[in-house]
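A.B. asks: First the structure, which I've put down as structure tokens, then a few questions once you've had a look.
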Amino acid sequence: MANFDGFLEIGISDESGAGDRYQGGFSVNISPIDLPATFYRAIIVPAFSLASGSHQDLLPTPPVTASFLAATDPSTIGIHWFEKIWSRPQRLELGNIVTSITREIEIYNSWREEDRIWNSATNNAGPGVFFSGLPSFPSTINRQHSAIFFVLVSTSGPPVIDGTLDFGFDLGIVVIIPITGVRVVMFPYIPEQPIFEELAFRTNIIQATDGSEQRISLRKHPRQSFDLRVKTELGTERQRLQAHLFGWHPGVFGVPVWFEARYLGADAAAGAFTIAVDTTFGDFRLESLAIVWESSEKFNALEIESMTATSLTFSSPLTEAFTAGQALVIPLRVAVTGTDIDDARSLVNLDEIGIRFEVIDNQVDIGSTAAFATHNGKVLLEEPNLVAGSTLQDNLNRRIDRLDNEIGSLIQYTDWAASHFASRKGFLAPSYQRVWEVRQLMHALRGSQVTFYVPTFFPDLEVVGDLAVGSFLMDIRHIGYTSFVNGQEPNKSIWIRLVDGSRLTRQVTGAIELDADTERLTVDDDWPSTIPVGDIDIVSYLRRVRIADDRVRFSHHFAGSAEVFVETRGAQ
């Protein structure tokens, strides 16, 4: 802070070259702002002189205020800066409060000739917010001087902080600083496996008469939710868990993303800002939260300030020491619960809580399709399909209009060009990397909006003649393809897997019947070499589909392993 008894002379010119000079002291702690538009072209400080004091730089502009921004006339800018009480900052937006925090406030008297009397400081922010370092009232702030004090905010208090800090001065002046924030209570209890995670998108699907679609994404980022089951025995942990849920049910929780956990790479001392941890293929986010966890009673939740592939640096220090190979480092999400929390109590020494957390800080764009093949400019998901159970549903859907007075013969018809298949796509993601790649893919598909290709993995077509190099033709066993399929979506493309494991994809551009046993397909690209029939393992339809219901479900059995399922629907 710098206080002056002298003056600073400033020359300001606008675009036309006209200008004025103003004199006055200033504190370099007062935050600068952009000048009004008429001053953007030139701000000139040709000379300065100080009767006493010191200077660090030349930033005479005040914090943002409506009155100051309204001053677009160079001849009045001095009037709007001087003879006021300024605060730095002008508002306190605390965000998510996971630990006790301290914020500095400076009150500045910009009167050039008069001292001001500070009479009062009123906390209208509720319990858990305190002042520290205030002077005894009434207190004098000399002209061109400031006073600094602190606001302390603890994790104890109402879930939401939304109030003001009011400071009264003589002449009826009141400086009001809005203060907002959300207190976050940690939920550090290890859940049972599997953990179910759901990504929920929202897409407006406009369907034409012929069954074709226009899909409009209404949600920029998916809603994320976790379904957890926590088992506790009778004792302190159970008592603490019950108290947290009872007292904070409608509040905001900090929920570790347990399936993203990885071990601390090196011992971390209390007071350390940086820890060693492998962050690759993990959903760690700058300016978001992470937790260093050893038990439900020993953990630190901190904000990530910067990160590398091998470390995290926090904006505040660890308050406890943690041991490598024992402590876990886990991304932390801010979440709320629903209306109901299930509690199943065994008759002897066991309590099982079932709880669904809805994440409220998932506003992040991580979408990428880089890890997946493509066909016809769209993602091709050609790894084997993960099937839950002994069967895979593969249903047909088609809008059919029926005229039936229940007396005479009925009549039915359709305007749809083809039926839509309803099925399921399953992924087995056995590593951190594959889980991360599938998560990126789901973000990129944006729920039901973006279509992609999936083979049926069944022998849908039987090739009966060698595929000749340079040819666009494929002869298949007669199945009625020409009459009933004939290159219509979602069965327009085909997927060919050879015995050696290599794969080819083609689009059917035409079909004719050669005889009662054979049909000939024309495809969009020639064969790169002659492929004997014996080298062909399987030919499947390659269906163009979309996610059917805007939802993706992850089943996490342990960190770095997941099963992922999406319901799919054919798209014309």
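Convention: chains lettered A, B, ... in structure tokens order; per-chain residue numbering from 1; ligands numbered from 1 as shown.
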Quick one: pick out all strand (DSSP E) residues within region 273-413 of chain A from a backbone DSSP run and write them as JSON, numbers by chain.
C.D. replies: {"A": [274, 275, 276, 289, 290, 291, 292, 293, 294, 295, 298, 299, 300, 301, 302, 303, 304, 305, 306, 307, 311, 312, 313, 314, 328, 329, 330, 331, 332, 333, 334, 335, 336, 337, 342, 343, 344, 345, 351, 352, 353, 354, 355, 356, 357, 358, 359, 373, 374, 375, 378, 379, 380, 395, 396, 397, 401, 402, 403, 411, 412, 413]}
A.B. asks: Pick out the closest residue to Gly271 (chain A) from this set: A:Phe253, A:Phe130, A:Phe314, A:Trp293. Count only C-alpha atoms.
C.D. replies: A:Phe314
A.B. asks: Using only C-alpha atoms, which of A:Ser448, A:Ser471, A:Asn376, A:Ser555 sits nearest Gly426 (chain A)?
C.D. replies: A:Ser555
A.B. asks: Do a neighbour search on Pro159 (chain A) at 9 Å with only C-alpha atoms, toss out local chain neighbours closer than 5 positions, and write the hits as an MDAnalysis selection string.
C.D. replies: chainID A and resid 181:185 248 250:252
A.B. asks: Suppose we keep N, CA and C atoms; can you now write the selection as an mmCIF file, in the first residue's frame?
C.D. replies:
data_model
loop_
_atom_site.group_PDB
_atom_site.id
_atom_site.type_symbol
_atom_site.label_atom_id
_atom_site.label_comp_id
_atom_site.auth_asym_id
_atom_site.auth_seq_id
_atom_site.Cartn_x
_atom_site.Cartn_y
_atom_site.Cartn_z
ATOM 1 N N GLY A 181 -21.513 -17.387 -1.684
ATOM 2 C CA GLY A 181 -20.730 -18.615 -1.634
ATOM 3 C C GLY A 181 -21.602 -19.796 -1.267
ATOM 4 N N VAL A 182 -21.084 -20.978 -1.475
ATOM 5 C CA VAL A 182 -21.794 -22.217 -1.150
ATOM 6 C C VAL A 182 -20.878 -23.079 -0.290
ATOM 7 N N ARG A 183 -21.311 -23.380 0.922
ATOM 8 C CA ARG A 183 -20.531 -24.251 1.792
ATOM 9 C C ARG A 183 -20.677 -25.696 1.332
ATOM 10 N N VAL A 184 -19.553 -26.393 1.265
ATOM 11 C CA VAL A 184 -19.529 -27.775 0.786
ATOM 12 C C VAL A 184 -19.080 -28.681 1.934
ATOM 13 N N VAL A 185 -19.899 -29.675 2.260
ATOM 14 C CA VAL A 185 -19.561 -30.661 3.286
ATOM 15 C C VAL A 185 -19.029 -31.906 2.590
ATOM 16 N N TRP A 248 -27.432 -31.986 6.568
ATOM 17 C CA TRP A 248 -26.999 -31.337 5.319
ATOM 18 C C TRP A 248 -27.735 -31.888 4.100
ATOM 19 N N PRO A 250 -30.336 -31.056 2.267
ATOM 20 C CA PRO A 250 -30.581 -30.161 1.131
ATOM 21 C C PRO A 250 -29.360 -29.353 0.707
ATOM 22 N N GLY A 251 -28.224 -29.535 1.388
ATOM 23 C CA GLY A 251 -27.040 -28.730 1.108
ATOM 24 C C GLY A 251 -26.178 -29.320 0.002
ATOM 25 N N VAL A 252 -24.970 -28.800 -0.136
ATOM 26 C CA VAL A 252 -24.036 -29.195 -1.186
ATOM 27 C C VAL A 252 -22.937 -30.062 -0.576
#
A.B. asks: Write out as a ChimeraX atom specification which residues come within 6 Å of Arg543 (chain A) when counting only C-alpha atoms, dropping same-chain ones fewer than 3 positions away.
C.D. replies: /A:453-454,490-491
